[in-house]
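Visitor: My questions all concern the structure below.
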Amino acid sequence: MTMTTTRPAEADVVPAAPVTRRRRKVTTVRRAVAYLLLVVLSIAVLVPFAWMVSSSLKLDNEVFSVPIRWIPAEFHWENFTNIWARIPLFTYLRNSVFLSLTITALQVLTGSFAAYGFAKVRFPGRDALFLAYIATIAVPWQAYMVPQYIIMQKAGLVNTHLSLIMLQAFSAFGVFLMRQYYLTIPDELSEAARLDGLSEYGIWARIILPLSKPALASLALLTFVNTWNDYMGPFIYLTDNKLWTIQLGLRSFIGLYDAEFAMIMTGSVLSVLPILVIFLLGQKYFVRGIATSGLK
(Lines give C-alpha, C1' and ligand atoms only; values in the text may rest on other atoms or scores of the structure.)
Protein backbone atom coordinates (compact mmCIF):
# COMPACT_ATOMS: atom_id res chain seq x y z
CA MET A 1 0.00 0.00 0.00
CA THR A 2 1.53 3.24 -1.07
CA MET A 3 0.79 6.67 0.40
CA THR A 4 0.65 9.68 -1.88
CA THR A 5 1.25 13.18 -0.67
CA THR A 6 -0.23 16.13 -2.43
CA ARG A 7 1.99 19.17 -2.87
CA PRO A 8 0.49 22.58 -3.63
CA ALA A 9 1.00 23.77 -7.11
CA GLU A 10 3.53 26.53 -7.55
CA ALA A 11 0.83 28.73 -9.03
CA ASP A 12 -1.13 28.60 -5.76
CA VAL A 13 1.76 29.93 -3.67
CA VAL A 14 1.46 33.74 -3.36
CA PRO A 15 4.74 35.44 -2.57
CA ALA A 16 4.23 37.74 0.40
CA ALA A 17 7.41 39.77 0.12
CA PRO A 18 6.63 41.53 -3.22
CA VAL A 19 3.14 42.46 -2.00
CA THR A 20 4.54 43.93 1.21
CA ARG A 21 7.15 45.92 -0.70
CA ARG A 22 4.48 47.20 -3.09
CA ARG A 23 2.32 48.39 -0.19
CA ARG A 24 5.28 50.12 1.40
CA LYS A 25 6.01 51.93 -1.86
CA VAL A 26 2.39 53.10 -2.15
CA THR A 27 2.42 54.28 1.48
CA THR A 28 5.70 56.12 0.94
CA VAL A 29 4.40 57.84 -2.20
CA ARG A 30 1.19 58.91 -0.46
CA ARG A 31 3.13 60.25 2.49
CA ALA A 32 5.50 62.16 0.20
CA VAL A 33 2.57 63.71 -1.69
CA ALA A 34 0.89 64.67 1.59
CA TYR A 35 4.08 66.31 2.87
CA LEU A 36 4.57 68.15 -0.41
CA LEU A 37 1.00 69.44 -0.28
CA LEU A 38 1.49 70.61 3.31
CA VAL A 39 4.70 72.41 2.36
CA VAL A 40 2.98 74.19 -0.53
CA LEU A 41 0.05 75.23 1.67
CA SER A 42 2.43 76.43 4.41
CA ILE A 43 4.33 78.58 1.92
CA ALA A 44 1.08 80.02 0.60
CA VAL A 45 0.04 80.95 4.15
CA LEU A 46 3.44 82.47 5.02
CA VAL A 47 3.78 84.57 1.86
CA PRO A 48 1.58 87.46 3.16
CA PHE A 49 3.52 87.53 6.43
CA ALA A 50 6.82 87.59 4.56
CA TRP A 51 5.56 90.49 2.45
CA MET A 52 4.42 92.31 5.61
CA VAL A 53 7.84 91.96 7.25
CA SER A 54 9.58 93.03 4.05
CA SER A 55 7.31 96.08 3.67
CA SER A 56 7.95 97.15 7.26
CA LEU A 57 11.61 97.72 6.31
CA LYS A 58 10.90 99.86 3.24
CA LEU A 59 9.92 103.42 2.46
CA ASP A 60 6.31 104.22 1.59
CA ASN A 61 6.98 104.50 -2.16
CA GLU A 62 8.66 101.08 -2.18
CA VAL A 63 5.87 99.04 -0.58
CA PHE A 64 3.75 98.61 -3.72
CA SER A 65 6.57 98.73 -6.25
CA VAL A 66 6.13 96.66 -9.42
CA PRO A 67 7.63 94.12 -9.68
CA ILE A 68 7.55 93.24 -5.99
CA ARG A 69 10.95 93.48 -4.35
CA TRP A 70 10.92 90.91 -1.57
CA ILE A 71 14.30 91.99 -0.21
CA PRO A 72 14.52 95.77 0.22
CA ALA A 73 17.41 97.54 -1.48
CA GLU A 74 18.02 99.30 1.83
CA PHE A 75 16.74 98.13 5.20
CA HIS A 76 15.05 100.95 7.14
CA TRP A 77 15.23 99.62 10.69
CA GLU A 78 14.42 103.08 11.96
CA ASN A 79 10.75 102.38 11.17
CA PHE A 80 10.56 100.27 14.34
CA THR A 81 11.80 103.18 16.44
CA ASN A 82 10.01 106.02 14.67
CA ILE A 83 6.58 104.43 15.11
CA TRP A 84 6.78 104.78 18.90
CA ALA A 85 7.22 108.56 18.48
CA ARG A 86 4.60 108.94 15.76
CA ILE A 87 1.70 107.40 17.72
CA PRO A 88 1.14 106.44 21.39
CA LEU A 89 1.86 102.81 20.55
CA PHE A 90 2.48 101.78 24.15
CA THR A 91 -1.00 103.01 25.13
CA TYR A 92 -2.60 101.11 22.27
CA LEU A 93 -0.74 97.91 23.14
CA ARG A 94 -1.66 98.27 26.82
CA ASN A 95 -5.35 98.68 25.97
CA SER A 96 -5.23 95.65 23.66
CA VAL A 97 -3.58 93.53 26.33
CA PHE A 98 -6.09 94.62 28.97
CA LEU A 99 -9.14 93.92 26.82
CA SER A 100 -7.79 90.64 25.46
CA LEU A 101 -6.84 89.25 28.88
CA THR A 102 -10.06 90.39 30.56
CA ILE A 103 -12.40 89.10 27.85
CA THR A 104 -10.45 85.85 27.57
CA ALA A 105 -10.66 85.21 31.32
CA LEU A 106 -14.40 85.93 31.37
CA GLN A 107 -15.16 83.77 28.34
CA VAL A 108 -13.20 80.86 29.76
CA LEU A 109 -15.03 81.22 33.08
CA THR A 110 -18.55 81.63 31.71
CA GLY A 111 -18.08 79.18 28.84
CA SER A 112 -16.72 76.38 31.00
CA PHE A 113 -19.35 76.90 33.68
CA ALA A 114 -22.29 76.96 31.26
CA ALA A 115 -20.88 73.97 29.38
CA TYR A 116 -20.78 71.99 32.63
CA GLY A 117 -24.51 72.56 33.09
CA PHE A 118 -25.29 71.49 29.54
CA ALA A 119 -23.05 68.42 29.67
CA LYS A 120 -23.21 67.05 33.24
CA VAL A 121 -26.38 68.40 34.87
CA ARG A 122 -29.76 66.92 33.96
CA PHE A 123 -32.74 69.27 33.94
CA PRO A 124 -35.92 69.56 31.83
CA GLY A 125 -35.40 71.21 28.44
CA ARG A 126 -31.62 71.07 28.66
CA ASP A 127 -30.99 69.91 25.09
CA ALA A 128 -33.58 72.29 23.60
CA LEU A 129 -32.07 75.23 25.48
CA PHE A 130 -28.60 74.26 24.32
CA LEU A 131 -29.70 74.06 20.68
CA ALA A 132 -31.41 77.45 20.94
CA TYR A 133 -28.29 78.99 22.46
CA ILE A 134 -25.95 77.46 19.88
CA ALA A 135 -28.28 78.61 17.08
CA THR A 136 -27.31 82.20 17.91
CA ILE A 137 -23.94 81.50 16.28
CA ALA A 138 -25.71 81.51 12.91
CA VAL A 139 -27.06 85.04 13.47
CA PRO A 140 -24.66 87.58 11.90
CA TRP A 141 -23.34 90.28 14.18
CA GLN A 142 -24.55 92.98 11.78
CA ALA A 143 -28.15 91.92 12.52
CA TYR A 144 -28.00 93.00 16.17
CA MET A 145 -25.16 95.51 16.03
CA VAL A 146 -27.43 98.57 16.17
CA PRO A 147 -29.63 97.33 19.06
CA GLN A 148 -26.50 96.52 21.05
CA TYR A 149 -25.15 100.01 20.50
CA ILE A 150 -28.45 101.59 21.57
CA ILE A 151 -28.43 99.52 24.77
CA MET A 152 -24.85 100.51 25.57
CA GLN A 153 -25.61 104.15 24.79
CA LYS A 154 -28.63 104.26 27.10
CA ALA A 155 -26.56 102.58 29.80
CA GLY A 156 -23.88 105.26 29.44
CA LEU A 157 -21.17 102.74 28.55
CA VAL A 158 -20.20 104.06 25.12
CA ASN A 159 -16.56 105.16 24.93
CA THR A 160 -15.56 102.81 27.75
CA HIS A 161 -13.77 99.49 27.78
CA LEU A 162 -16.60 98.09 29.88
CA SER A 163 -18.93 98.10 26.88
CA LEU A 164 -16.65 95.75 24.92
CA ILE A 165 -16.07 93.58 27.97
CA MET A 166 -19.77 93.13 28.67
CA LEU A 167 -20.63 92.37 25.06
CA GLN A 168 -17.87 89.80 24.61
CA ALA A 169 -17.80 88.17 28.05
CA PHE A 170 -20.10 85.37 26.83
CA SER A 171 -19.60 83.18 23.77
CA ALA A 172 -21.90 80.50 22.36
CA PHE A 173 -18.94 79.00 20.53
CA GLY A 174 -17.00 78.74 23.78
CA VAL A 175 -19.89 76.91 25.44
CA PHE A 176 -20.14 74.53 22.48
CA LEU A 177 -16.38 73.84 22.49
CA MET A 178 -16.23 73.16 26.23
CA ARG A 179 -19.40 71.03 26.21
CA GLN A 180 -18.03 68.78 23.49
CA TYR A 181 -14.93 68.22 25.57
CA TYR A 182 -16.88 67.63 28.77
CA LEU A 183 -18.82 64.86 27.01
CA THR A 184 -15.57 62.91 26.71
CA ILE A 185 -15.17 62.88 30.52
CA PRO A 186 -16.90 59.84 32.07
CA ASP A 187 -20.07 60.66 34.01
CA GLU A 188 -19.01 58.16 36.69
CA LEU A 189 -16.55 60.74 38.03
CA SER A 190 -19.32 63.26 38.63
CA GLU A 191 -21.65 60.63 40.10
CA ALA A 192 -18.97 59.43 42.51
CA ALA A 193 -18.29 62.99 43.62
CA ARG A 194 -22.00 63.60 44.26
CA LEU A 195 -22.16 60.45 46.39
CA ASP A 196 -19.23 61.79 48.41
CA GLY A 197 -21.22 64.95 49.10
CA LEU A 198 -19.42 67.31 46.71
CA SER A 199 -21.57 70.15 45.35
CA GLU A 200 -21.96 70.92 41.66
CA TYR A 201 -19.64 73.92 42.04
CA GLY A 202 -17.05 71.67 43.67
CA ILE A 203 -17.35 69.03 40.94
CA TRP A 204 -16.87 71.69 38.28
CA ALA A 205 -13.91 73.34 40.00
CA ARG A 206 -12.10 70.33 41.48
CA ILE A 207 -12.78 67.55 38.98
CA ILE A 208 -13.94 68.84 35.59
CA LEU A 209 -11.66 71.86 35.19
CA PRO A 210 -8.38 70.04 36.02
CA LEU A 211 -9.27 67.45 33.36
CA SER A 212 -10.09 70.10 30.73
CA LYS A 213 -6.78 71.93 30.34
CA PRO A 214 -6.49 71.30 26.56
CA ALA A 215 -10.00 72.61 25.88
CA LEU A 216 -9.49 75.58 28.21
CA ALA A 217 -6.22 76.44 26.46
CA SER A 218 -7.89 76.19 23.04
CA LEU A 219 -10.75 78.46 24.06
CA ALA A 220 -8.37 80.94 25.70
CA LEU A 221 -6.13 81.09 22.63
CA LEU A 222 -9.01 81.53 20.18
CA THR A 223 -10.64 84.20 22.32
CA PHE A 224 -7.39 86.11 22.85
CA VAL A 225 -6.59 86.15 19.13
CA ASN A 226 -10.12 87.24 18.15
CA THR A 227 -10.17 90.00 20.75
CA TRP A 228 -6.68 91.19 19.88
CA ASN A 229 -7.52 91.39 16.16
CA ASP A 230 -10.96 92.92 16.67
CA TYR A 231 -11.37 96.16 14.76
CA MET A 232 -15.10 96.84 14.42
CA GLY A 233 -15.87 96.61 18.14
CA PRO A 234 -13.36 99.28 19.25
CA PHE A 235 -14.17 101.33 16.13
CA ILE A 236 -17.85 101.52 17.08
CA TYR A 237 -17.63 101.97 20.85
CA LEU A 238 -14.34 103.78 21.47
CA THR A 239 -13.93 107.41 20.43
CA ASP A 240 -11.28 108.58 22.89
CA ASN A 241 -7.76 108.18 21.53
CA LYS A 242 -6.53 107.06 24.96
CA LEU A 243 -8.86 104.03 24.84
CA TRP A 244 -7.94 102.84 21.36
CA THR A 245 -6.47 99.40 20.72
CA ILE A 246 -3.52 98.64 18.45
CA GLN A 247 -5.75 97.67 15.53
CA LEU A 248 -7.64 100.94 15.78
CA GLY A 249 -4.49 102.96 16.41
CA LEU A 250 -2.97 101.93 13.08
CA ARG A 251 -5.70 104.00 11.41
CA SER A 252 -3.67 107.04 12.41
CA PHE A 253 -1.42 106.42 9.40
CA ILE A 254 -4.34 106.54 6.94
CA GLY A 255 -5.12 110.05 5.75
CA LEU A 256 -7.82 111.44 3.51
CA TYR A 257 -5.76 111.20 0.33
CA ASP A 258 -2.78 109.01 1.21
CA ALA A 259 -1.52 106.43 3.67
CA GLU A 260 1.83 105.61 5.22
CA PHE A 261 1.96 101.94 4.29
CA ALA A 262 5.44 101.34 5.69
CA MET A 263 4.35 102.49 9.14
CA ILE A 264 1.17 100.41 8.89
CA MET A 265 3.21 97.31 8.11
CA THR A 266 5.63 98.10 10.93
CA GLY A 267 2.77 98.37 13.39
CA SER A 268 1.26 95.17 12.02
CA VAL A 269 4.51 93.29 12.62
CA LEU A 270 4.62 94.53 16.22
CA SER A 271 0.97 93.57 16.61
CA VAL A 272 1.53 90.01 15.40
CA LEU A 273 4.46 89.29 17.74
CA PRO A 274 2.37 88.79 20.95
CA ILE A 275 -0.02 86.47 19.11
CA LEU A 276 2.91 84.47 17.74
CA VAL A 277 4.47 84.05 21.18
CA ILE A 278 1.18 82.99 22.80
CA PHE A 279 0.43 80.49 20.04
CA LEU A 280 3.89 78.91 20.26
CA LEU A 281 3.51 78.53 24.03
CA GLY A 282 0.02 77.00 23.84
CA GLN A 283 0.27 75.10 20.57
CA LYS A 284 0.38 71.66 22.19
CA TYR A 285 -2.73 72.24 24.31
CA PHE A 286 -4.51 73.97 21.41
CA VAL A 287 -4.12 71.00 19.05
CA ARG A 288 -5.13 68.52 21.75
CA GLY A 289 -8.17 70.55 22.73
CA ILE A 290 -9.46 70.97 19.18
CA ALA A 291 -8.86 67.31 18.31
CA THR A 292 -10.44 65.91 21.48
CA SER A 293 -13.49 68.18 21.40
CA GLY A 294 -14.80 66.37 18.34
CA LEU A 295 -14.74 62.85 19.75
CA LYS A 296 -18.41 62.93 20.75
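Starting from 1 in every chain, residues are counted up; chains themselves are A, B, ... following the order of the C-alpha coordinates, and ligands are numbered from 1 as listed.
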At a cut-off of 8 Å, using only C-alpha atoms, what residues contact Leu221 of chain A? Leave out same-chain residues fewer than 2 positions from it and give the result as a VMD selection string.
Guide: chain A and resid 217 to 219 223 to 225 278 to 279 282 286
Visitor: Name the residues of segment 106-214 of chain A that fall into alpha helix (DSSP H) according to DSSP on the backbone, using the chain letters and numbers of this document, as an NGL selection string.
Guide: :A and (106-120 or 126-135 or 141-154 or 161-168 or 172-182 or 187-195 or 200-203 or 213-214)
Visitor: Give me the residues near Val63 of chain A as a PyMOL selection string, where near means some atom within 8 Å (using only C-alpha atoms) and where sequence neighbours in that chain fewer than 5 positions away do not count.
Guide: chain A and resi 55+58+261-262
Visitor: Please determine, counting only C-alpha atoms, which residue among A:Ile264, A:Leu59, A:Leu248, A:Val269 has the shortest atom-to-atom distance to Thr91 of chain A.
Guide: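 Between A:Ile264, A:Leu59, A:Leu248, A:Val269, the residue approaching Thr91 of chain A most closely is A:Leu248.
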Visitor: Give me, please, the distance in Å between atom CA of Ala215 of chain A and atom CA of Pro234 of chain A, quoted to one decimal.
Guide: 27.7 Å
Visitor: Can you list, as a list in words, every protein, DNA or RNA residue that comes within 9 Å of segment 39-52 of chain A when you count only C-alpha atoms, leaving out same-chain residues fewer than 5 positions away?
Guide: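 My list of contacting residues is Ala34, Trp70, Met265, Thr266, Ser268 and Val269 of chain A.
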Visitor: Would you mind listing what lies within 8 Å of Tyr182 of chain A as a VMD selection string, with only C-alpha atoms counted and same-chain residues fewer than 6 positions away left out?
Guide: chain A and resid 115 to 116 119 to 120 208 212
Visitor: Can you list, as an MDAnalysis selection string, every protein, DNA or RNA residue that comes within 12 Å of Thr102 of chain A when you count only C-alpha atoms, leaving out same-chain residues fewer than 2 positions away?
Guide: chainID A and resid 95:100 104:109 161:162 164:166 168:170 220 223:224 227:228
Visitor: Measuring atom to atom with only C-alpha atoms, identify which of A:Phe113, A:Tyr149, A:Phe118, A:Phe130 is nearest to Trp204 of chain A.
Guide: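 For Trp204 of chain A, the nearest of the candidates is A:Phe113.
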Visitor: Would you pick out the contacts of Glu191 of chain A at 12 Å or less, using only C-alpha atoms, so that residues sharing its chain but fewer than 3 positions from it are not included, and give the list as a list in words?
Guide: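 Residues meeting the cut-off are Lys120, Val121, Arg122, Ile185, Pro186, Asp187, Glu188, Arg194, Leu195, Asp196, Gly197, Leu198, Ser199, Glu200, Ile203 and Ile207 of chain A.
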Visitor: For atom CA of Leu189 of chain A and atom CA of Gln283 of chain A, quote the distance in Å rounded to one decimal.
Guide: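 Computed distance, atom CA of Leu189 of chain A to atom CA of Gln283 of chain A, equals 28.2 Å.
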